[in-house]
file entry-v4.txt (compact mmCIF, C-alpha atoms)
# COMPACT_ATOMS: atom_id res chain seq x y z
CA MET A 1 -90.71 -15.29 90.27
CA ALA A 2 -92.58 -12.63 92.15
CA ALA A 3 -91.81 -8.96 91.71
CA THR A 4 -91.31 -6.55 94.57
CA PRO A 5 -92.92 -3.14 95.13
CA LEU A 6 -89.59 -1.58 94.08
CA SER A 7 -89.80 -3.27 90.70
CA SER A 8 -93.34 -2.39 89.64
CA SER A 9 -96.57 -0.91 90.95
CA SER A 10 -100.29 -1.41 90.53
CA SER A 11 -103.38 0.73 90.90
CA CYS A 12 -107.10 -0.09 90.89
CA THR A 13 -110.27 1.93 90.60
CA SER A 14 -113.89 0.93 90.99
CA THR A 15 -117.27 2.28 89.91
CA ASN A 16 -118.59 1.28 93.33
CA PRO A 17 -117.69 3.65 96.19
CA GLY A 18 -117.65 0.67 98.54
CA PHE A 19 -114.62 -0.65 96.77
CA ASP A 20 -112.35 2.06 98.25
CA CYS A 21 -111.94 -0.05 101.35
CA VAL A 22 -110.32 -2.88 99.38
CA SER A 23 -108.31 -0.84 96.91
CA LYS A 24 -105.30 -0.66 99.18
CA THR A 25 -105.50 -4.41 99.83
CA LEU A 26 -105.21 -5.07 96.12
CA LYS A 27 -102.36 -2.63 95.70
CA ASP A 28 -100.32 -4.05 98.60
CA SER A 29 -100.89 -7.71 97.97
CA PHE A 30 -100.93 -8.04 94.21
CA LEU A 31 -97.21 -8.56 93.84
CA THR A 32 -96.85 -11.45 96.24
CA LYS A 33 -96.30 -15.13 95.76
CA LYS A 34 -99.55 -16.16 97.48
CA PRO A 35 -103.05 -15.52 96.08
CA SER A 36 -104.79 -12.47 97.53
CA ILE A 37 -108.46 -12.74 98.50
CA ILE A 38 -110.34 -9.47 98.32
CA ARG A 39 -113.83 -9.13 99.82
CA LEU A 40 -116.17 -7.04 97.68
CA PRO A 41 -119.58 -5.39 98.22
CA LYS A 42 -122.62 -7.29 96.98
CA GLU A 43 -123.71 -4.67 94.45
CA LYS A 44 -122.79 -5.24 90.82
CA SER A 45 -119.87 -3.11 89.75
CA GLN A 46 -116.70 -3.09 87.72
CA ILE A 47 -113.03 -3.03 88.74
CA SER A 48 -110.39 -1.41 86.52
CA CYS A 49 -106.81 -2.43 87.29
CA GLU A 50 -103.48 -1.31 85.89
CA LEU A 51 -100.00 -2.78 86.36
CA ARG A 52 -97.14 -0.39 85.68
CA GLY A 53 -93.53 -1.50 85.54
CA PHE A 54 -90.38 -1.23 83.47
CA GLY A 55 -91.92 0.82 80.71
CA ASP A 56 -94.85 -1.53 80.06
CA HIS A 57 -98.44 -1.00 81.25
CA ARG A 58 -101.11 -3.66 81.63
CA ARG A 59 -104.81 -2.76 82.09
CA TRP A 60 -107.86 -4.94 82.56
CA ASN A 61 -111.48 -4.71 83.76
CA THR A 62 -113.55 -7.28 85.55
CA ASP A 63 -117.23 -7.34 86.46
CA TYR A 64 -118.66 -8.94 89.55
CA GLY A 65 -122.20 -9.39 90.71
CA SER A 66 -124.10 -10.31 93.82
CA GLN A 67 -123.38 -13.98 93.28
CA ILE A 68 -119.60 -13.32 93.60
CA ASP A 69 -118.35 -11.97 96.89
CA HIS A 70 -114.60 -12.37 96.48
CA LEU A 71 -111.90 -12.25 93.79
CA ASN A 72 -108.72 -14.36 93.73
CA ILE A 73 -105.59 -12.74 92.27
CA ILE A 74 -102.72 -15.15 91.61
CA GLN A 75 -99.29 -13.77 90.83
CA SER A 76 -97.48 -15.61 88.06
CA SER A 77 -94.38 -14.87 86.06
CA SER A 78 -96.46 -14.33 82.92
CA ALA A 79 -98.04 -11.27 84.49
CA LEU A 80 -94.71 -9.46 84.50
CA PRO A 81 -93.45 -7.57 81.46
CA MET A 82 -90.42 -9.04 79.74
CA ALA A 83 -88.31 -6.12 80.88
CA ALA A 84 -89.17 -6.92 84.47
CA ASN A 85 -88.01 -10.50 84.05
CA ALA A 86 -84.75 -9.27 82.55
CA ALA A 87 -84.20 -6.91 85.44
CA LEU A 88 -84.86 -9.64 87.97
CA ASP A 89 -82.46 -11.98 86.22
CA SER A 90 -79.73 -9.35 86.54
CA LEU A 91 -79.99 -9.24 90.32
CA PRO A 92 -76.95 -10.58 92.25
CA LYS A 93 -76.90 -14.35 92.34
CA ASN A 94 -75.20 -16.86 94.60
CA SER A 95 -71.44 -17.16 94.38
CA LYS A 96 -69.91 -19.36 91.71
CA LYS A 97 -70.02 -23.07 92.57
CA VAL A 98 -66.95 -25.12 91.61
CA CYS A 99 -66.41 -28.88 91.48
CA LEU A 100 -62.73 -29.42 92.34
CA PHE A 101 -60.95 -32.60 91.27
CA TYR A 102 -57.43 -33.45 92.40
CA CYS A 103 -54.65 -36.00 92.04
CA ALA A 104 -53.22 -38.11 94.83
CA GLU A 105 -50.39 -35.67 95.57
CA THR A 106 -52.66 -32.63 95.87
CA LYS A 107 -55.38 -34.19 98.04
CA ALA A 108 -54.29 -32.36 101.21
CA LEU A 109 -54.03 -29.03 99.39
CA ALA A 110 -57.42 -29.59 97.73
CA GLU A 111 -58.99 -30.17 101.14
CA ARG A 112 -57.51 -26.90 102.38
CA VAL A 113 -58.84 -25.10 99.29
CA ALA A 114 -62.34 -26.49 99.85
CA ALA A 115 -62.19 -25.41 103.49
CA GLU A 116 -61.72 -21.82 102.29
CA SER A 117 -65.15 -21.62 100.64
CA ASP A 118 -68.52 -23.35 100.82
CA ALA A 119 -68.79 -22.77 97.06
CA ILE A 120 -66.01 -25.30 96.36
CA GLU A 121 -66.98 -28.97 96.41
CA LEU A 122 -64.41 -31.77 96.21
CA ARG A 123 -64.94 -34.51 93.61
CA SER A 124 -62.93 -37.71 93.34
CA ILE A 125 -61.15 -39.65 90.62
CA THR A 126 -60.18 -43.32 90.82
CA TRP A 127 -56.46 -43.59 90.00
CA ARG A 128 -55.54 -47.14 89.02
CA THR A 129 -53.13 -48.84 86.65
CA PHE A 130 -53.37 -51.80 84.34
CA GLU A 131 -50.91 -54.67 84.65
CA ASP A 132 -48.68 -53.07 82.02
CA GLY A 133 -48.37 -49.93 84.14
CA PHE A 134 -50.51 -47.62 82.04
CA PRO A 135 -53.22 -45.64 83.82
CA ASN A 136 -56.70 -47.02 84.37
CA LEU A 137 -58.73 -43.95 85.35
CA PHE A 138 -62.35 -43.31 86.27
CA ILE A 139 -64.11 -39.98 86.89
CA THR A 140 -66.74 -40.56 89.56
CA ASN A 141 -70.28 -39.33 88.80
CA ALA A 142 -69.34 -37.86 85.42
CA HIS A 143 -72.99 -37.11 84.61
CA GLY A 144 -73.28 -35.07 87.79
CA ILE A 145 -70.83 -32.39 86.64
CA ARG A 146 -72.70 -31.48 83.46
CA GLY A 147 -73.31 -27.77 83.39
CA GLN A 148 -71.04 -27.23 86.41
CA HIS A 149 -67.89 -25.14 86.80
CA VAL A 150 -65.09 -27.68 87.08
CA ALA A 151 -61.45 -27.38 88.15
CA PHE A 152 -58.53 -29.77 88.48
CA LEU A 153 -55.65 -29.29 90.95
CA ALA A 154 -52.55 -30.81 89.37
CA SER A 155 -49.00 -31.55 90.45
CA PHE A 156 -46.46 -32.35 87.73
CA SER A 157 -43.80 -33.40 90.22
CA SER A 158 -42.20 -35.93 87.86
CA PRO A 159 -42.57 -37.05 84.23
CA GLY A 160 -44.09 -40.31 85.47
CA VAL A 161 -47.28 -38.68 86.77
CA ILE A 162 -47.82 -36.14 84.01
CA PHE A 163 -49.42 -38.52 81.48
CA GLU A 164 -52.14 -39.83 83.80
CA GLN A 165 -53.05 -36.32 84.92
CA LEU A 166 -53.09 -35.02 81.35
CA SER A 167 -55.51 -37.83 80.48
CA VAL A 168 -57.96 -36.55 83.10
CA ILE A 169 -57.31 -32.91 82.19
CA TYR A 170 -58.20 -33.62 78.56
CA ALA A 171 -61.32 -35.60 79.54
CA LEU A 172 -63.01 -33.20 81.99
CA PRO A 173 -63.80 -30.35 79.57
CA LYS A 174 -65.55 -32.80 77.23
CA LEU A 175 -68.13 -33.79 79.85
CA PHE A 176 -70.38 -30.81 78.97
CA VAL A 177 -69.07 -28.73 81.87
CA SER A 178 -69.86 -25.03 82.02
CA SER A 179 -66.20 -24.04 82.36
CA PHE A 180 -62.86 -25.68 83.12
CA THR A 181 -59.94 -24.38 85.18
CA LEU A 182 -56.58 -26.11 85.55
CA VAL A 183 -54.65 -25.14 88.66
CA LEU A 184 -50.97 -26.00 88.23
CA PRO A 185 -49.23 -24.19 91.11
CA PHE A 186 -45.75 -25.12 89.89
CA PHE A 187 -44.91 -25.09 86.18
CA PRO A 188 -42.09 -27.66 86.32
CA THR A 189 -40.17 -26.99 83.12
CA GLY A 190 -40.09 -23.22 83.61
CA THR A 191 -36.30 -23.09 84.00
CA SER A 192 -35.84 -24.71 80.57
CA GLU A 193 -37.26 -21.76 78.67
CA ARG A 194 -34.38 -20.80 76.41
CA MET A 195 -31.78 -22.22 74.06
CA GLU A 196 -28.13 -21.39 74.64
CA GLU A 197 -26.87 -23.33 71.65
CA GLU A 198 -28.26 -25.17 68.66
CA GLY A 199 -29.72 -28.47 69.74
CA ASP A 200 -31.05 -27.37 73.14
CA VAL A 201 -34.71 -28.29 73.65
CA ALA A 202 -36.86 -25.72 75.47
CA THR A 203 -39.15 -28.12 77.31
CA ALA A 204 -41.05 -25.19 78.82
CA PHE A 205 -42.35 -24.51 75.32
CA THR A 206 -43.24 -28.20 74.87
CA LEU A 207 -45.35 -28.37 78.02
CA ALA A 208 -47.00 -25.04 77.23
CA ARG A 209 -48.08 -26.32 73.82
CA ILE A 210 -49.46 -29.54 75.33
CA LEU A 211 -51.57 -27.55 77.78
CA SER A 212 -52.65 -25.19 75.01
CA ASN A 213 -54.43 -28.06 73.29
CA ILE A 214 -56.74 -28.94 76.18
CA PRO A 215 -60.25 -29.31 74.64
CA ILE A 216 -62.47 -26.27 74.86
CA SER A 217 -65.40 -26.59 77.26
CA ARG A 218 -68.90 -25.18 76.76
CA GLY A 219 -67.73 -21.97 78.44
CA GLY A 220 -64.73 -21.47 76.18
CA PRO A 221 -60.97 -21.91 76.61
CA THR A 222 -59.46 -23.44 79.73
CA SER A 223 -58.21 -21.11 82.44
CA LEU A 224 -54.72 -22.03 83.69
CA VAL A 225 -53.63 -20.83 87.14
CA ILE A 226 -49.85 -20.84 87.79
CA PHE A 227 -47.93 -19.33 90.69
CA ASP A 228 -44.64 -17.50 90.11
CA ILE A 229 -43.69 -19.00 86.78
CA HIS A 230 -39.92 -18.79 86.36
CA ALA A 231 -39.95 -16.37 83.44
CA LEU A 232 -42.89 -14.10 82.67
CA GLN A 233 -42.18 -14.21 78.94
CA GLU A 234 -43.26 -17.87 79.03
CA ARG A 235 -46.84 -16.62 78.83
CA PHE A 236 -46.21 -16.22 75.11
CA TYR A 237 -45.50 -19.95 74.77
CA PHE A 238 -49.19 -20.68 75.32
CA GLY A 239 -51.67 -20.78 72.44
CA ASP A 240 -55.04 -19.09 72.05
CA ASN A 241 -57.05 -22.05 73.39
CA ILE A 242 -55.89 -21.48 76.97
CA LEU A 243 -55.98 -18.45 79.25
CA PRO A 244 -52.90 -18.32 81.53
CA TYR A 245 -53.56 -16.62 84.84
CA PHE A 246 -50.34 -15.88 86.73
CA GLU A 247 -50.51 -15.53 90.50
CA SER A 248 -47.81 -15.00 93.12
CA GLY A 249 -47.08 -16.37 96.57
CA VAL A 250 -45.27 -13.20 97.65
CA PRO A 251 -48.40 -11.69 99.34
CA LEU A 252 -48.28 -14.68 101.73
CA LEU A 253 -44.70 -13.77 102.59
CA LYS A 254 -45.59 -10.13 103.20
CA ASN A 255 -48.35 -11.14 105.60
CA ARG A 256 -45.98 -13.43 107.47
CA LEU A 257 -43.26 -10.78 107.77
CA GLN A 258 -45.73 -8.39 109.36
CA GLN A 259 -46.26 -10.93 112.14
CA LEU A 260 -42.58 -11.10 113.13
CA PRO A 261 -41.41 -9.25 116.25
CA ASP A 262 -38.63 -7.57 114.23
CA SER A 263 -40.84 -6.66 111.28
CA ASP A 264 -39.45 -3.10 111.32
CA ASN A 265 -35.89 -4.36 110.81
CA ILE A 266 -36.36 -6.49 107.70
CA SER A 267 -34.51 -6.07 104.40
CA ILE A 268 -35.18 -8.07 101.24
CA ALA A 269 -32.27 -9.62 99.34
CA PHE A 270 -32.44 -10.86 95.76
CA PRO A 271 -29.82 -13.46 94.76
CA ASP A 272 -29.57 -12.10 91.21
CA ASP A 273 -30.94 -9.46 88.84
CA GLY A 274 -33.61 -11.85 87.58
CA ALA A 275 -35.15 -12.22 91.03
CA TRP A 276 -35.00 -8.44 91.52
CA LYS A 277 -36.80 -7.78 88.23
CA ARG A 278 -39.42 -10.35 89.12
CA PHE A 279 -40.30 -9.40 92.70
CA HIS A 280 -39.00 -5.94 93.64
CA ARG A 281 -42.28 -4.15 92.84
CA GLN A 282 -44.21 -6.38 95.23
CA LEU A 283 -41.63 -5.76 97.98
CA GLN A 284 -40.74 -2.15 97.26
CA HIS A 285 -41.63 -0.98 100.78
CA PHE A 286 -38.68 -2.92 102.25
CA PRO A 287 -35.02 -1.89 102.04
CA THR A 288 -33.50 -3.83 99.15
CA ILE A 289 -30.26 -5.72 98.73
CA VAL A 290 -29.23 -7.06 95.33
CA CYS A 291 -26.65 -9.79 94.87
CA ASN A 292 -24.81 -10.87 91.77
CA LYS A 293 -23.78 -14.37 90.69
CA VAL A 294 -20.47 -14.81 88.89
CA ARG A 295 -18.62 -17.92 87.80
CA GLU A 296 -14.94 -18.42 88.42
CA ASP A 297 -13.76 -21.65 86.84
CA ASP A 298 -16.23 -24.27 88.10
CA GLN A 299 -17.33 -22.24 91.10
CA ARG A 300 -20.38 -19.99 91.42
CA ILE A 301 -19.66 -16.99 93.60
CA VAL A 302 -22.26 -14.57 94.96
CA ARG A 303 -21.23 -10.97 95.52
CA LEU A 304 -22.96 -7.94 96.98
CA LYS A 305 -24.07 -5.60 94.22
CA GLU A 306 -26.04 -2.98 96.17
CA GLY A 307 -27.63 -2.47 99.58
CA ASP A 308 -26.44 -2.73 103.18
CA PRO A 309 -27.26 -5.84 105.26
CA ARG A 310 -25.49 -4.70 108.46
CA GLY A 311 -27.61 -5.30 111.57
CA ARG A 312 -30.65 -6.29 109.52
CA HIS A 313 -32.87 -9.36 109.39
CA VAL A 314 -32.33 -10.15 105.70
CA VAL A 315 -34.86 -12.29 103.82
CA ILE A 316 -33.61 -13.84 100.57
CA VAL A 317 -36.43 -14.04 98.01
CA ASP A 318 -36.54 -16.15 94.84
CA ASP A 319 -39.13 -18.09 92.85
CA LEU A 320 -37.69 -21.58 93.40
CA VAL A 321 -34.87 -23.60 94.87
CA GLN A 322 -33.33 -26.79 93.55
CA SER A 323 -30.03 -27.87 95.09
CA GLY A 324 -29.81 -24.66 97.12
CA GLY A 325 -26.20 -23.91 96.23
CA THR A 326 -26.80 -20.30 95.16
CA LEU A 327 -28.98 -19.59 98.19
CA ILE A 328 -26.36 -20.91 100.62
CA GLU A 329 -23.63 -18.83 98.98
CA CYS A 330 -25.89 -15.79 99.22
CA GLN A 331 -26.47 -16.53 102.91
CA LYS A 332 -22.73 -16.70 103.64
CA MET A 333 -22.04 -13.45 101.79
CA LEU A 334 -24.80 -11.58 103.68
CA ALA A 335 -23.52 -12.90 107.01
CA ALA A 336 -20.01 -11.77 106.13
CA HIS A 337 -21.38 -8.26 105.48
CA GLY A 338 -22.94 -8.03 108.92
CA ALA A 339 -26.51 -9.32 108.66
CA SER A 340 -27.81 -10.08 112.17
CA LYS A 341 -30.33 -12.69 111.02
CA ILE A 342 -30.97 -14.37 107.66
CA SER A 343 -34.13 -16.08 106.39
CA ALA A 344 -35.27 -17.24 102.94
CA TYR A 345 -38.45 -17.52 100.91
CA VAL A 346 -39.15 -19.43 97.71
CA THR A 347 -42.56 -20.15 96.23
CA HIS A 348 -41.49 -23.56 94.94
CA GLY A 349 -39.34 -25.77 97.14
CA ILE A 350 -38.29 -28.50 94.71
CA PHE A 351 -35.27 -29.90 96.60
CA PRO A 352 -34.35 -32.93 94.44
CA ASN A 353 -32.45 -35.70 96.19
CA ARG A 354 -33.44 -34.33 99.62
CA SER A 355 -31.29 -31.24 99.13
CA TRP A 356 -33.38 -29.51 101.80
CA GLU A 357 -31.17 -31.29 104.32
CA ARG A 358 -28.41 -28.79 103.53
CA PHE A 359 -30.29 -26.02 105.36
CA GLN A 360 -29.75 -25.75 109.09
CA HIS A 361 -31.67 -23.75 111.65
CA ASP A 362 -30.17 -20.66 113.27
CA SER A 363 -31.68 -20.36 116.74
CA GLY A 364 -29.91 -17.03 117.19
CA GLY A 365 -26.47 -15.52 116.70
CA SER A 366 -25.16 -17.73 113.87
CA PRO A 367 -26.51 -16.37 110.56
CA ASP A 368 -23.55 -17.79 108.65
CA ASN A 369 -24.45 -21.36 109.72
CA GLY A 370 -28.22 -21.43 109.38
CA LEU A 371 -31.49 -19.70 108.60
CA ALA A 372 -33.94 -18.29 111.11
CA TYR A 373 -36.83 -19.19 108.77
CA PHE A 374 -37.11 -20.89 105.41
CA TRP A 375 -40.58 -20.23 104.00
CA ILE A 376 -41.97 -22.27 101.13
CA THR A 377 -45.50 -22.76 99.80
CA ASP A 378 -47.35 -26.03 99.30
CA SER A 379 -46.97 -25.86 95.51
CA CYS A 380 -44.75 -28.98 95.69
CA PRO A 381 -46.71 -31.41 97.90
CA LEU A 382 -43.98 -34.05 98.15
CA THR A 383 -41.57 -31.51 99.62
CA VAL A 384 -44.17 -30.38 102.14
CA LYS A 385 -44.42 -33.93 103.51
CA GLU A 386 -40.63 -34.18 103.86
CA VAL A 387 -40.00 -30.87 105.67
CA LYS A 388 -43.13 -30.83 107.82
CA ASN A 389 -42.32 -29.84 111.42
CA ARG A 390 -38.64 -29.56 110.57
CA ARG A 391 -36.96 -26.25 111.36
CA PRO A 392 -36.18 -23.82 109.79
CA PHE A 393 -38.93 -24.70 107.30
CA GLU A 394 -42.38 -23.17 107.50
CA VAL A 395 -45.10 -23.76 104.91
CA LEU A 396 -47.31 -20.90 103.69
CA SER A 397 -50.39 -22.42 102.07
CA LEU A 398 -51.66 -21.31 98.67
CA ALA A 399 -55.15 -22.59 99.55
CA GLY A 400 -56.72 -19.15 100.03
CA SER A 401 -55.18 -17.78 96.83
CA ILE A 402 -56.35 -20.81 94.83
CA ALA A 403 -59.87 -20.58 96.23
CA ALA A 404 -60.01 -16.89 95.26
CA ALA A 405 -58.77 -17.68 91.74
CA LEU A 406 -61.45 -20.34 91.26
CA LYS A 407 -64.21 -17.83 92.00
CA ILE A 408 -63.21 -15.53 89.13

call {"tool": "encode", "arguments": {"input": "entry-v4.txt", "output": "structure tokens"}}
result
Amino acid sequence: MAATPLSSSSSCTSTNPGFDCVSKTLKDSFLTKKPSIIRLPKEKSQISCELRGFGDHRRWNTDYGSQIDHLNIIQSSSALPMAANAALDSLPKNSKKVCLFYCAETKALAERVAAESDAIELRSITWRTFEDGFPNLFITNAHGIRGQHVAFLASFSSPGVIFEQLSVIYALPKLFVSSFTLVLPFFPTGTSERMEEEGDVATAFTLARILSNIPISRGGPTSLVIFDIHALQERFYFGDNILPYFESGVPLLKNRLQQLPDSDNISIAFPDDGAWKRFHRQLQHFPTIVCNKVREDDQRIVRLKEGDPRGRHVVIVDDLVQSGGTLIECQKMLAAHGASKISAYVTHGIFPNRSWERFQHDSGGSPDNGLAYFWITDSCPLTVKEVKNRRPFEVLSLAGSIAAALKI
């Protein structure tokens, strides 16, 4: 590696006055990649040269006679002091390159992530099964990822796909990769994080422990990227061999709200205290409405706890939706209290048994019967396929946020 004039300097003197004409040539061209040819007078003389840089000085003399009329100076890395090499190594380098693997469900999202950055390269896995139904998997070009930063984009949409993906997740760090990152946008057992009576099984803890035992790569523990996990205290379920990195999809919502024509008339509603605790700091610049869920017999009733929805475009915000019962009750209550328009946002649209069909579109004037917008992210790929181009649903992609997380 060649140094630059900012990194070091050189000076030369000669016992022959005729050498003055070439002194500057030596000084300017010494620290270049190409050899410098310096023409010298025919008389015998001596050149004294000194290289100064980074606290280390190098001096040398050379004689030339009438039979030598030029001197070649070739720059090589060995001519630089060790401190100079260290300084050059510390210069800014190219952005982090990442090899991104994916499962069948996350292929479309992985392609969007790769489109966000030239530093992210998609790699493929062959997903097959044996006759008995167990996975028959193959990581393409496994030797080619040695020493590379590697990531896997997972989707644990059902228990049936978790085992095959875990098999790949456990294999990738052992292929001598420089680092390994697991991107799991939706942590599926997050709602089963506590025990209400003896005998309950907190499956959130079970999955966290499984992920905590992913083999360590050459770069250390696995990084785990999750968006809007249901309960923040679940970070303590993970062991020391994994580094949970919690992201949020709410910034995508904020950007989208700014694009609406009535962006100055928006209020944020939280369906319960848990949602308020989770998201109110990210949305503190909007007027806030807090609801409260109560049970009467077998019914779940949503009541207004604080805030005023009258004449406002109210956006209900929560981390996930399953059947949608609570969200619909919240919608009806807000409409009864005078909201002019109602929309909803959840990071994870799970919608088992096609429960998304319960949500109708309000084209204007009927907030008690439908939603103006229902924003979800693409954390649940199967849902995205079902609601695509179906109003009131609109998908906000996590691709940019994932690409940014992979560069850390």

call {"tool": "closest_residue", "arguments": {"input": "entry-v4.txt", "among": "A:Asn265, A:Ser401, A:Ser355, A:Thr347", "to": "Trp375 (chain A)", "atoms": "all atoms listed in the file"}}
result
A:Thr347

call {"tool": "residues_near_point", "arguments": {"input": "entry-v4.txt", "point": "(-45.2, -22.1, 75.5)", "cutoff": "6 Å", "atoms": "only C-alpha atoms", "output": "ChimeraX atom specification"}}
result
/A:205,208-209,234,236-238

call {"tool": "closest_residue", "arguments": {"input": "entry-v4.txt", "among": "A:Gly365, A:Val317, A:Leu232, A:Ile328", "to": "Tyr345 (chain A)", "atoms": "all atoms listed in the file"}}
result
A:Val317

call {"tool": "residues_around", "arguments": {"input": "entry-v4.txt", "residues": "region 154-162 of chain A", "least_positions_apart": "4", "cutoff": "8 Å", "atoms": "only C-alpha atoms", "output": "NGL selection string"}}
result
:A and (102-103 or 105-106 or 166 or 182-188 or 379-382)

call {"tool": "atom_distance", "arguments": {"input": "entry-v4.txt", "atom1": "CA of Arg281 (chain A)", "atom2": "CA of His313 (chain A)"}}
result
19.7 Å

call {"tool": "atom_distance", "arguments": {"input": "entry-v4.txt", "atom1": "CA of Gln322 (chain A)", "atom2": "CA of His337 (chain A)"}}
result
25.1 Å

call {"tool": "atom_distance", "arguments": {"input": "entry-v4.txt", "atom1": "CA of Val250 (chain A)", "atom2": "CA of Arg310 (chain A)"}}
result
24.1 Å

call {"tool": "residues_around", "arguments": {"input": "entry-v4.txt", "residues": "Arg354 (chain A)", "least_positions_apart": "4", "cutoff": "10 Å", "atoms": "all atoms listed in the file", "output": "ChimeraX atom specification"}}
result
/A:322-323,350,358,383,386-387

call {"tool": "closest_residue", "arguments": {"input": "entry-v4.txt", "among": "A:Ile229, A:Asp308, A:His149, A:Gln258", "to": "Pro244 (chain A)", "atoms": "only C-alpha atoms"}}
result
A:Ile229
